[in-house]
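Next comes query.cif, with mmCIF, C-alpha atoms.
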data_my_file
loop_
_atom_site.group_PDB
_atom_site.id
_atom_site.type_symbol
_atom_site.label_atom_id
_atom_site.label_comp_id
_atom_site.auth_asym_id
_atom_site.auth_seq_id
_atom_site.Cartn_x
_atom_site.Cartn_y
_atom_site.Cartn_z
ATOM 1 C CA MET A 745 0.000 0.000 0.000
ATOM 2 C CA LYS A 746 1.580 3.195 -1.239
ATOM 3 C CA GLN A 747 2.094 6.462 0.595
ATOM 4 C CA PHE A 748 2.287 9.941 -0.912
ATOM 5 C CA TYR A 749 3.241 13.451 -0.001
ATOM 6 C CA VAL A 750 0.285 15.757 -0.519
ATOM 7 C CA ALA A 751 0.760 19.163 -2.112
ATOM 8 C CA ILE A 752 -1.896 21.832 -2.037
ATOM 9 C CA GLY A 753 -2.291 24.843 -4.305
ATOM 10 C CA ALA A 754 -4.365 28.029 -4.109
ATOM 11 C CA LEU A 755 -5.720 29.962 -7.080
ATOM 12 C CA ILE A 756 -6.573 33.184 -5.274
ATOM 13 C CA GLU A 757 -9.235 35.388 -6.850
ATOM 14 C CA LYS A 758 -9.595 39.080 -6.037
ATOM 15 C CA GLU A 759 -11.937 41.206 -8.170
ATOM 16 C CA ASP A 760 -11.540 38.869 -11.161
ATOM 17 C CA GLN A 761 -7.751 38.867 -10.923
ATOM 18 C CA TYR A 762 -5.587 35.917 -9.841
ATOM 19 C CA LEU A 763 -2.362 35.885 -7.887
ATOM 20 C CA VAL A 764 0.747 34.432 -9.544
ATOM 21 C CA LEU A 765 4.238 34.355 -8.063
ATOM 22 C CA ARG A 766 7.774 33.826 -9.259
ATOM 23 C CA ARG A 767 9.675 31.113 -7.403
ATOM 24 C CA SER A 768 12.861 32.164 -5.727
ATOM 25 C CA PRO A 769 16.233 31.220 -7.331
ATOM 26 C CA GLU A 770 16.990 29.387 -4.034
ATOM 27 C CA LYS A 771 14.195 26.806 -4.572
ATOM 28 C CA ASP A 772 15.557 23.285 -5.141
ATOM 29 C CA VAL A 773 12.885 22.531 -7.749
ATOM 30 C CA GLY A 774 11.422 24.932 -10.336
ATOM 31 C CA ALA A 775 13.639 27.917 -9.449
ATOM 32 C CA ASN A 776 12.527 31.218 -11.074
ATOM 33 C CA LEU A 777 9.371 29.712 -12.584
ATOM 34 C CA TRP A 778 5.956 31.359 -12.237
ATOM 35 C CA GLU A 779 3.294 29.525 -10.263
ATOM 36 C CA PHE A 780 0.478 30.112 -7.786
ATOM 37 C CA VAL A 781 0.689 29.510 -4.016
ATOM 38 C CA THR A 782 1.630 25.872 -3.351
ATOM 39 C CA GLY A 783 2.891 23.936 -0.378
ATOM 40 C CA ARG A 784 2.889 20.612 1.423
ATOM 41 C CA LEU A 785 0.253 19.272 3.747
ATOM 42 C CA GLU A 786 1.348 18.816 7.355
ATOM 43 C CA GLU A 787 0.644 15.862 9.623
ATOM 44 C CA GLU A 788 -3.059 15.386 10.493
ATOM 45 C CA GLU A 789 -3.996 18.399 8.383
ATOM 46 C CA ASP A 790 -7.204 18.695 6.392
ATOM 47 C CA PRO A 791 -6.293 19.807 2.827
ATOM 48 C CA ALA A 792 -8.810 22.687 2.827
ATOM 49 C CA ILE A 793 -7.291 23.935 6.110
ATOM 50 C CA GLY A 794 -3.702 23.366 4.998
ATOM 51 C CA VAL A 795 -4.215 25.545 1.954
ATOM 52 C CA LEU A 796 -5.266 28.482 4.169
ATOM 53 C CA ARG A 797 -2.092 28.001 6.242
ATOM 54 C CA GLU A 798 0.109 27.926 3.138
ATOM 55 C CA VAL A 799 -1.450 31.113 1.756
ATOM 56 C CA LYS A 800 -0.847 32.837 5.091
ATOM 57 C CA GLU A 801 2.782 31.626 5.227
ATOM 58 C CA GLU A 802 3.686 32.446 1.617
ATOM 59 C CA VAL A 803 1.862 35.717 0.979
ATOM 60 C CA ASP A 804 0.310 36.697 4.332
ATOM 61 C CA LEU A 805 -3.261 36.929 2.976
ATOM 62 C CA ASP A 806 -6.516 35.681 4.488
ATOM 63 C CA VAL A 807 -8.588 33.738 1.957
ATOM 64 C CA GLU A 808 -11.547 31.354 1.915
ATOM 65 C CA VAL A 809 -11.843 28.135 -0.072
ATOM 66 C CA ILE A 810 -14.439 28.220 -2.862
ATOM 67 C CA MET A 811 -13.919 24.570 -3.887
ATOM 68 C CA PRO A 812 -11.335 21.969 -4.919
ATOM 69 C CA ILE A 813 -10.942 22.119 -8.701
ATOM 70 C CA ASN A 814 -8.150 19.785 -9.749
ATOM 71 C CA THR A 815 -6.011 16.877 -8.583
ATOM 72 C CA SER A 816 -2.936 15.249 -10.080
ATOM 73 C CA PHE A 817 0.040 13.004 -9.393
ATOM 74 C CA PHE A 818 3.694 13.850 -10.008
ATOM 75 C CA TYR A 819 7.180 13.236 -8.652
ATOM 76 C CA ARG A 820 8.731 16.293 -7.033
ATOM 77 C CA GLY A 821 12.284 16.295 -8.301
ATOM 78 C CA SER A 822 12.971 12.588 -7.706
ATOM 79 C CA LYS A 823 11.224 9.225 -7.306
ATOM 80 C CA GLU A 824 11.594 9.612 -3.550
ATOM 81 C CA TYR A 825 8.873 12.275 -3.561
ATOM 82 C CA PRO A 826 5.634 10.930 -5.018
ATOM 83 C CA MET A 827 3.135 13.771 -4.662
ATOM 84 C CA VAL A 828 -0.622 14.031 -4.963
ATOM 85 C CA PHE A 829 -1.507 17.631 -5.761
ATOM 86 C CA ILE A 830 -4.865 19.163 -4.829
ATOM 87 C CA VAL A 831 -5.680 22.611 -6.208
ATOM 88 C CA PHE A 832 -8.257 24.846 -4.556
ATOM 89 C CA TRP A 833 -10.021 27.873 -5.975
ATOM 90 C CA CYS A 834 -9.864 30.495 -3.199
ATOM 91 C CA ARG A 835 -11.271 33.967 -2.659
ATOM 92 C CA TYR A 836 -9.326 36.873 -1.161
ATOM 93 C CA ILE A 837 -10.740 38.153 2.137
ATOM 94 C CA LYS A 838 -8.161 40.584 3.542
ATOM 95 C CA GLY A 839 -4.513 41.465 3.957
ATOM 96 C CA GLU A 840 -1.566 43.028 2.128
ATOM 97 C CA ILE A 841 0.804 40.737 0.257
ATOM 98 C CA LYS A 842 4.097 40.058 2.010
ATOM 99 C CA LEU A 843 6.306 37.569 0.167
ATOM 100 C CA SER A 844 8.326 34.885 1.982
ATOM 101 C CA TRP A 845 11.805 33.721 0.904
ATOM 102 C CA GLU A 846 10.071 31.325 -1.496
ATOM 103 C CA HIS A 847 9.096 34.026 -4.011
ATOM 104 C CA THR A 848 10.751 37.109 -5.460
ATOM 105 C CA GLU A 849 7.872 38.699 -7.412
ATOM 106 C CA TYR A 850 4.107 38.615 -7.728
ATOM 107 C CA LYS A 851 1.390 39.968 -9.965
ATOM 108 C CA TRP A 852 -2.397 39.818 -10.335
ATOM 109 C CA VAL A 853 -3.514 38.583 -13.747
ATOM 110 C CA SER A 854 -6.868 38.036 -15.458
ATOM 111 C CA LEU A 855 -8.090 34.515 -16.196
ATOM 112 C CA ASP A 856 -7.343 34.910 -19.892
ATOM 113 C CA GLU A 857 -3.864 36.250 -19.209
ATOM 114 C CA ALA A 858 -3.162 33.235 -16.984
ATOM 115 C CA ILE A 859 -4.606 30.749 -19.477
ATOM 116 C CA ASN A 860 -2.460 32.171 -22.274
ATOM 117 C CA SER A 861 0.681 32.640 -20.207
ATOM 118 C CA GLU A 862 3.501 30.396 -21.353
ATOM 119 C CA GLU A 863 5.496 31.210 -18.242
ATOM 120 C CA LEU A 864 2.824 29.448 -16.129
ATOM 121 C CA GLY A 865 3.290 26.173 -18.037
ATOM 122 C CA LEU A 866 1.398 23.287 -16.437
ATOM 123 C CA PHE A 867 -0.057 25.644 -13.839
ATOM 124 C CA ARG A 868 -2.468 26.981 -16.472
ATOM 125 C CA LYS A 869 -4.857 24.040 -16.150
ATOM 126 C CA GLY A 870 -6.495 25.344 -12.962
ATOM 127 C CA PHE A 871 -7.285 28.687 -14.563
ATOM 128 C CA THR A 872 -9.006 26.948 -17.492
ATOM 129 C CA ILE A 873 -11.152 25.053 -14.990
ATOM 130 C CA ILE A 874 -12.140 28.225 -13.139
ATOM 131 C CA LYS A 875 -13.122 29.857 -16.425
ATOM 132 C CA LYS A 876 -15.432 26.932 -17.149
ATOM 133 C CA LEU A 877 -17.039 27.072 -13.693
ATOM 134 C CA LYS A 878 -17.486 30.837 -13.754
ATOM 135 C CA GLU A 879 -19.719 30.553 -16.801
ATOM 136 C CA PHE A 880 -22.370 29.129 -14.492
ATOM 137 C CA LEU A 881 -21.633 29.841 -10.847
ATOM 138 C CA PRO A 882 -22.691 33.117 -9.206
ATOM 139 C CA LYS A 883 -19.987 35.609 -8.256
ATOM 140 C CA ASP A 884 -20.112 34.865 -4.516
ATOM 141 C CA PHE A 885 -20.406 31.069 -4.853
ATOM 142 C CA LYS A 886 -18.657 28.895 -2.283
ATOM 143 C CA LEU A 887 -19.160 25.270 -1.346
ATOM 144 C CA MET B 315 7.777 15.887 5.956
ATOM 145 C CA LYS B 316 4.693 13.741 6.341
ATOM 146 C CA GLN B 317 3.336 11.048 4.057
ATOM 147 C CA PHE B 318 -0.276 9.955 3.651
ATOM 148 C CA TYR B 319 -2.323 7.209 2.125
ATOM 149 C CA VAL B 320 -4.748 8.671 -0.379
ATOM 150 C CA ALA B 321 -8.328 7.434 -0.534
ATOM 151 C CA ILE B 322 -10.639 8.260 -3.398
ATOM 152 C CA GLY B 323 -14.430 8.174 -3.478
ATOM 153 C CA ALA B 324 -16.995 8.244 -6.285
ATOM 154 C CA LEU B 325 -20.487 9.707 -6.048
ATOM 155 C CA ILE B 326 -21.960 8.113 -9.154
ATOM 156 C CA GLU B 327 -24.926 9.860 -10.748
ATOM 157 C CA LYS B 328 -27.326 8.094 -13.115
ATOM 158 C CA GLU B 329 -30.550 9.867 -14.109
ATOM 159 C CA ASP B 330 -30.556 11.930 -10.901
ATOM 160 C CA GLN B 331 -30.009 8.889 -8.696
ATOM 161 C CA TYR B 332 -26.822 8.091 -6.765
ATOM 162 C CA LEU B 333 -25.226 4.753 -6.014
ATOM 163 C CA VAL B 334 -24.799 3.729 -2.367
ATOM 164 C CA LEU B 335 -23.447 0.408 -1.124
ATOM 165 C CA ARG B 336 -23.402 -1.590 2.081
ATOM 166 C CA ARG B 337 -19.932 -2.613 3.236
ATOM 167 C CA SER B 338 -19.367 -6.306 3.657
ATOM 168 C CA PRO B 339 -19.269 -7.801 7.213
ATOM 169 C CA GLU B 340 -15.713 -8.968 6.335
ATOM 170 C CA LYS B 341 -14.364 -5.389 6.077
ATOM 171 C CA ASP B 342 -11.824 -4.585 8.823
ATOM 172 C CA VAL B 343 -13.157 -1.037 9.188
ATOM 173 C CA GLY B 344 -16.783 0.128 8.909
ATOM 174 C CA ALA B 345 -18.308 -3.341 8.423
ATOM 175 C CA ASN B 346 -22.001 -3.265 7.353
ATOM 176 C CA LEU B 347 -22.109 0.509 7.024
ATOM 177 C CA TRP B 348 -23.548 2.254 3.958
ATOM 178 C CA GLU B 349 -21.166 4.303 1.813
ATOM 179 C CA PHE B 350 -20.386 5.140 -1.800
ATOM 180 C CA VAL B 351 -17.555 3.610 -3.857
ATOM 181 C CA THR B 352 -14.221 4.246 -2.115
ATOM 182 C CA GLY B 353 -10.728 2.858 -2.433
ATOM 183 C CA ARG B 354 -7.035 3.591 -2.156
ATOM 184 C CA LEU B 355 -4.818 5.237 -4.715
ATOM 185 C CA GLU B 356 -2.104 3.018 -6.178
ATOM 186 C CA GLU B 357 1.515 3.926 -6.810
ATOM 187 C CA GLU B 358 2.028 6.638 -9.482
ATOM 188 C CA GLU B 359 -1.721 6.921 -9.993
ATOM 189 C CA ASP B 360 -3.545 10.140 -10.818
ATOM 190 C CA PRO B 361 -6.520 10.462 -8.422
ATOM 191 C CA ALA B 362 -9.021 11.099 -11.241
ATOM 192 C CA ILE B 363 -7.785 7.929 -12.973
ATOM 193 C CA GLY B 364 -7.646 5.886 -9.773
ATOM 194 C CA VAL B 365 -11.292 6.622 -9.057
ATOM 195 C CA LEU B 366 -12.308 5.133 -12.433
ATOM 196 C CA ARG B 367 -10.301 1.986 -11.607
ATOM 197 C CA GLU B 368 -11.929 1.661 -8.184
ATOM 198 C CA VAL B 369 -15.430 2.022 -9.642
ATOM 199 C CA LYS B 370 -14.627 -0.678 -12.180
ATOM 200 C CA GLU B 371 -13.221 -3.011 -9.498
ATOM 201 C CA GLU B 372 -15.986 -2.510 -6.946
ATOM 202 C CA VAL B 373 -19.133 -2.301 -9.084
ATOM 203 C CA ASP B 374 -17.960 -2.997 -12.657
ATOM 204 C CA LEU B 375 -19.378 0.250 -14.101
ATOM 205 C CA ASP B 376 -17.819 2.683 -16.570
ATOM 206 C CA VAL B 377 -18.116 6.270 -15.353
ATOM 207 C CA GLU B 378 -16.603 9.670 -16.132
ATOM 208 C CA VAL B 379 -15.385 12.237 -13.616
ATOM 209 C CA ILE B 380 -17.454 15.426 -13.459
ATOM 210 C CA MET B 381 -15.200 17.138 -10.878
ATOM 211 C CA PRO B 382 -13.540 16.779 -7.462
ATOM 212 C CA ILE B 383 -15.979 18.040 -4.821
ATOM 213 C CA ASN B 384 -14.529 17.402 -1.381
ATOM 214 C CA THR B 385 -11.315 16.565 0.456
ATOM 215 C CA SER B 386 -10.647 15.570 4.052
ATOM 216 C CA PHE B 387 -8.159 13.990 6.441
ATOM 217 C CA PHE B 388 -8.815 11.033 8.742
ATOM 218 C CA TYR B 389 -7.122 8.019 10.301
ATOM 219 C CA ARG B 390 -8.307 4.719 8.866
ATOM 220 C CA GLY B 391 -8.715 2.501 11.887
ATOM 221 C CA SER B 392 -5.415 3.418 13.561
ATOM 222 C CA LYS B 393 -2.732 6.130 13.691
ATOM 223 C CA GLU B 394 -0.659 4.026 11.293
ATOM 224 C CA TYR B 395 -3.010 4.922 8.456
ATOM 225 C CA PRO B 396 -3.227 8.701 7.971
ATOM 226 C CA MET B 397 -5.475 9.189 4.953
ATOM 227 C CA VAL B 398 -6.270 12.109 2.703
ATOM 228 C CA PHE B 399 -9.653 11.496 1.096
ATOM 229 C CA ILE B 400 -10.624 13.001 -2.267
ATOM 230 C CA VAL B 401 -14.245 12.647 -3.375
ATOM 231 C CA PHE B 402 -15.227 12.912 -7.031
ATOM 232 C CA TRP B 403 -18.639 13.516 -8.527
ATOM 233 C CA CYS B 404 -18.939 10.987 -11.381
ATOM 234 C CA ARG B 405 -21.446 10.251 -14.134
ATOM 235 C CA TYR B 406 -22.559 6.768 -15.160
ATOM 236 C CA ILE B 407 -21.652 5.850 -18.738
ATOM 237 C CA LYS B 408 -22.384 2.138 -19.101
ATOM 238 C CA GLY B 409 -22.424 -1.287 -17.480
ATOM 239 C CA GLU B 410 -24.458 -3.489 -15.145
ATOM 240 C CA ILE B 411 -23.590 -3.467 -11.466
ATOM 241 C CA LYS B 412 -21.620 -6.471 -10.270
ATOM 242 C CA LEU B 413 -20.600 -6.252 -6.609
ATOM 243 C CA SER B 414 -17.173 -7.378 -5.369
ATOM 244 C CA TRP B 415 -16.552 -9.078 -1.999
ATOM 245 C CA GLU B 416 -16.371 -5.590 -0.463
ATOM 246 C CA HIS B 417 -20.141 -4.973 -0.610
ATOM 247 C CA THR B 418 -23.254 -7.027 0.029
ATOM 248 C CA GLU B 419 -26.013 -4.674 -1.192
ATOM 249 C CA TYR B 420 -26.554 -1.577 -3.290
ATOM 250 C CA LYS B 421 -29.289 0.887 -4.121
ATOM 251 C CA TRP B 422 -29.805 4.055 -6.155
ATOM 252 C CA VAL B 423 -31.095 6.966 -4.102
ATOM 253 C CA SER B 424 -32.090 10.567 -4.829
ATOM 254 C CA LEU B 425 -29.951 13.438 -3.578
ATOM 255 C CA ASP B 426 -32.482 14.287 -0.880
ATOM 256 C CA GLU B 427 -32.721 10.679 0.264
ATOM 257 C CA ALA B 428 -28.930 10.542 0.564
ATOM 258 C CA ILE B 429 -28.704 13.889 2.365
ATOM 259 C CA ASN B 430 -31.324 12.795 4.899
ATOM 260 C CA SER B 431 -30.055 9.246 5.313
ATOM 261 C CA GLU B 432 -28.730 8.568 8.790
ATOM 262 C CA GLU B 433 -27.211 5.305 7.635
ATOM 263 C CA LEU B 434 -24.808 7.249 5.381
ATOM 264 C CA GLY B 435 -23.390 9.212 8.336
ATOM 265 C CA LEU B 436 -20.364 11.308 7.379
ATOM 266 C CA PHE B 437 -20.735 10.236 3.757
ATOM 267 C CA ARG B 438 -23.677 12.628 3.391
ATOM 268 C CA LYS B 439 -21.451 15.691 2.990
ATOM 269 C CA GLY B 440 -20.643 14.977 -0.675
ATOM 270 C CA PHE B 441 -24.327 14.767 -1.588
ATOM 271 C CA THR B 442 -24.982 18.161 0.000
ATOM 272 C CA ILE B 443 -22.184 19.605 -2.132
ATOM 273 C CA ILE B 444 -23.604 18.120 -5.336
ATOM 274 C CA LYS B 445 -27.019 19.565 -4.523
ATOM 275 C CA LYS B 446 -25.450 23.013 -4.221
ATOM 276 C CA LEU B 447 -23.573 22.686 -7.530
ATOM 277 C CA LYS B 448 -26.590 21.344 -9.410
ATOM 278 C CA GLU B 449 -28.508 24.533 -8.694
ATOM 279 C CA PHE B 450 -26.238 26.239 -11.219
ATOM 280 C CA LEU B 451 -24.444 23.743 -13.449
ATOM 281 C CA PRO B 452 -26.072 22.354 -16.597
ATOM 282 C CA LYS B 453 -27.126 18.689 -16.618
ATOM 283 C CA ASP B 454 -24.244 17.508 -18.810
ATOM 284 C CA PHE B 455 -21.536 19.617 -17.119
ATOM 285 C CA LYS B 456 -18.057 18.135 -16.749
ATOM 286 C CA LEU B 457 -14.727 19.786 -16.095
#

Structure translated into structure tokens:
Amino acid sequence: MKQFYVAIGALIEKEDQYLVLRRSPEKDVGANLWEFVTGRLEEEEDPAIGVLREVKEEVDLDVEVIMPINTSFFYRGSKEYPMVFIVFWCRYIKGEIKLSWEHTEYKWVSLDEAINSEELGLFRKGFTIIKKLKEFLPKDFKL
Amino acid sequence: MKQFYVAIGALIEKEDQYLVLRRSPEKDVGANLWEFVTGRLEEEEDPAIGVLREVKEEVDLDVEVIMPINTSFFYRGSKEYPMVFIVFWCRYIKGEIKLSWEHTEYKWVSLDEAINSEELGLFRKGFTIIKKLKEFLPKDFKL
């Protein structure tokens, strides 16, 4: 029976813009690449709670979870780190962005900018999903 | 850095009815309780692929994933089995139900029956979420 590390990601929405960040050159994996807030689940942690903690740690914002939107499997760097990745669509509540050592830059982008951004690479998938959901769900929707 | 087992669940919809199953008396955990299809993710498996495999193994149906709807953390039986649970809303495609040794009975129930069913216990949460999403999403929606 196989065990995994669990990674969580947050696509943070604020007035129809989404937060993307550039990974620090000191990161062991994916240095300098653009991404959204991601991190690893801690012991005994509920994923939807862990994602709030990660957002607080990485950008110092308070957000709420709208819903989980995507899951995937990958190896982080090497075969020793099998990861299941759960991405949550989140909504900004309050706070001013303060970056941690993990990122050097941030910007707020529209859904279409994110979807068409080559620098976001595989991270674009989540934005495509949100676009699909927003066709139908009301502006203040939350599970 | 903590590792988890990953469990996946499938809320299978067929003409506005949902599949629930009674766990076999031989199960080490939760014997005789009602649930939906659940199972454990295998090595290198994408959760949205693993859930299709589990559905096939447990009830022999072909389904498609509509979207992930809920995640949680729990211990399965003992502290040795920390589990992250990912629940997917799925749509029936084809097949006749054939139960495995893991279940003794099944039935198709409406969303409201599931939400009000005491025998489903904690498994009711996912049905409440689907009810909320179905207020807005078209009948054939799929991420």

May I have a table of the residues of chain A lying at most 9 Å from chain B, giving each one's closest pair of atoms and their distance in Å to one decimal, counting all atoms listed in the file, ordered by chain and ascending residue number, as CSV?
residue,atom,partner,partner_atom,distance
A:Met745,CA,B:Glu356,CA,7.2
A:Lys746,CA,B:Glu357,CA,5.6
A:Gln747,CA,B:Tyr319,CA,4.7
A:Phe748,CA,B:Gln317,CA,5.2
A:Tyr749,CA,B:Gln317,CA,4.7
A:Val750,CA,B:Phe318,CA,7.2
A:Arg784,CA,B:Met315,CA,8.2
A:Leu785,CA,B:Lys316,CA,7.6
A:Glu786,CA,B:Lys316,CA,6.2
A:Glu787,CA,B:Lys316,CA,5.6
A:Glu788,CA,B:Phe387,CA,6.7
A:Glu789,CA,B:Phe387,CA,6.4
A:Asp790,CA,B:Phe387,CA,4.8
A:Pro791,CA,B:Ser386,CA,6.2
A:Ala792,CA,B:Thr385,CA,7.0
A:Met811,CA,B:Ile383,CA,6.9
A:Pro812,CA,B:Ile383,CA,6.1
A:Ile813,CA,B:Pro382,CA,6.1
A:Asn814,CA,B:Pro382,CA,6.6
A:Thr815,CA,B:Pro361,CA,6.4
A:Ser816,CA,B:Asp360,CA,5.2
A:Phe817,CA,B:Asp360,CA,4.8
A:Phe818,CA,B:Glu358,CA,7.4
A:Tyr819,CA,B:Glu358,CA,8.4
A:Pro826,CA,B:Glu358,CA,7.2
A:Met827,CA,B:Glu358,CA,8.7
A:Val828,CA,B:Asp360,CA,7.6
A:Ile830,CA,B:Thr385,CA,8.7
A:Ile873,CA,B:Leu457,CA,6.5
A:Lys876,CA,B:Leu457,CA,7.3
A:Leu877,CA,B:Leu457,CA,8.0
A:Glu879,CA,B:Leu451,CA,8.9
A:Phe880,CA,B:Phe450,CA,5.8
A:Leu881,CA,B:Phe450,CA,5.9
A:Pro882,CA,B:Phe450,CA,8.0
A:Leu887,CA,B:Ile443,CA,6.5

Mind writing the picked residues with C-alpha atoms as a compact mmCIF listing (two decimals), in the frame of the given file?
# COMPACT_ATOMS: atom_id res chain seq x y z
CA MET A 745 0.00 0.00 0.00
CA LYS A 746 1.58 3.20 -1.24
CA GLN A 747 2.09 6.46 0.60
CA PHE A 748 2.29 9.94 -0.91
CA TYR A 749 3.24 13.45 0.00
CA VAL A 750 0.28 15.76 -0.52
CA ARG A 784 2.89 20.61 1.42
CA LEU A 785 0.25 19.27 3.75
CA GLU A 786 1.35 18.82 7.36
CA GLU A 787 0.64 15.86 9.62
CA GLU A 788 -3.06 15.39 10.49
CA GLU A 789 -4.00 18.40 8.38
CA ASP A 790 -7.20 18.70 6.39
CA PRO A 791 -6.29 19.81 2.83
CA ALA A 792 -8.81 22.69 2.83
CA MET A 811 -13.92 24.57 -3.89
CA PRO A 812 -11.34 21.97 -4.92
CA ILE A 813 -10.94 22.12 -8.70
CA ASN A 814 -8.15 19.78 -9.75
CA THR A 815 -6.01 16.88 -8.58
CA SER A 816 -2.94 15.25 -10.08
CA PHE A 817 0.04 13.00 -9.39
CA PHE A 818 3.69 13.85 -10.01
CA TYR A 819 7.18 13.24 -8.65
CA PRO A 826 5.63 10.93 -5.02
CA MET A 827 3.14 13.77 -4.66
CA VAL A 828 -0.62 14.03 -4.96
CA ILE A 830 -4.86 19.16 -4.83
CA ILE A 873 -11.15 25.05 -14.99
CA LYS A 876 -15.43 26.93 -17.15
CA LEU A 877 -17.04 27.07 -13.69
CA GLU A 879 -19.72 30.55 -16.80
CA PHE A 880 -22.37 29.13 -14.49
CA LEU A 881 -21.63 29.84 -10.85
CA PRO A 882 -22.69 33.12 -9.21
CA LEU A 887 -19.16 25.27 -1.35

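The space separating CA of Glu372 (chain B) from CA of Lys412 (chain B) comes to 7.6 Å.
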
Query raised in the report: Hey, what comes out of the PyMOL selection byres ((chain A and resi 855) around 9) on this file? Could you write it as a list of chain:residue names?
Result: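 For this structure, the PyMOL selection byres ((chain A and resi 855) around 9) captures A:Asp760, A:Gln761, A:Tyr762, A:Val853, A:Ser854, A:Asp856, A:Glu857, A:Ala858, A:Ile859, A:Asn860, A:Phe871, A:Thr872, A:Ile874, A:Lys875.
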
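If you look at CA of Glu371 (chain B) and CA of Leu434 (chain B), they are 21.5 Å away from each other.
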
Query raised in the report: What's the 10 Å shell around Leu796 (chain A), counting only C-alpha atoms, without same-chain residues fewer than 2 positions away, as a list in words?
Result: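 The residues satisfying every condition are Ile752, Gly753, Ala754, Pro791, Ala792, Ile793, Gly794, Glu798, Val799, Lys800, Glu801, Asp804, Leu805, Asp806, Val807, Glu808, Val809, Phe832 and Cys834 of chain A.
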
Requested in this report: To one decimal in Å, tell me the separation between CA of Arg835 (chain A) and CA of Ala775 (chain A).
Outcome: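 Going from CA of Arg835 (chain A) over to CA of Ala775 (chain A) covers 26.5 Å.
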
**Report entry** All residues 12 Å or closer to Leu413 (chain B), all atoms listed in the file, same chain fewer than 2 positions away omitted, as a PyMOL selection string
**Finding:** chain B and resi 333-338+351+368-375+410-411+415-421

Query raised in the report: Pick from A:Glu759, A:Glu863, A:Glu824, A:Asp772: nearest to Asp884 (chain A), with all atoms listed in the file counted?
Result: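 Among the listed residues, A:Glu759 lies closest to Asp884 (chain A).
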
Report task. Tell me which of B:Leu436, B:Trp422, B:Ile380, B:Lys453 sits closest to Gly344 (chain B), counting only C-alpha atoms. Result ->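 Closest residue, counting only C-alpha atoms: B:Leu436.
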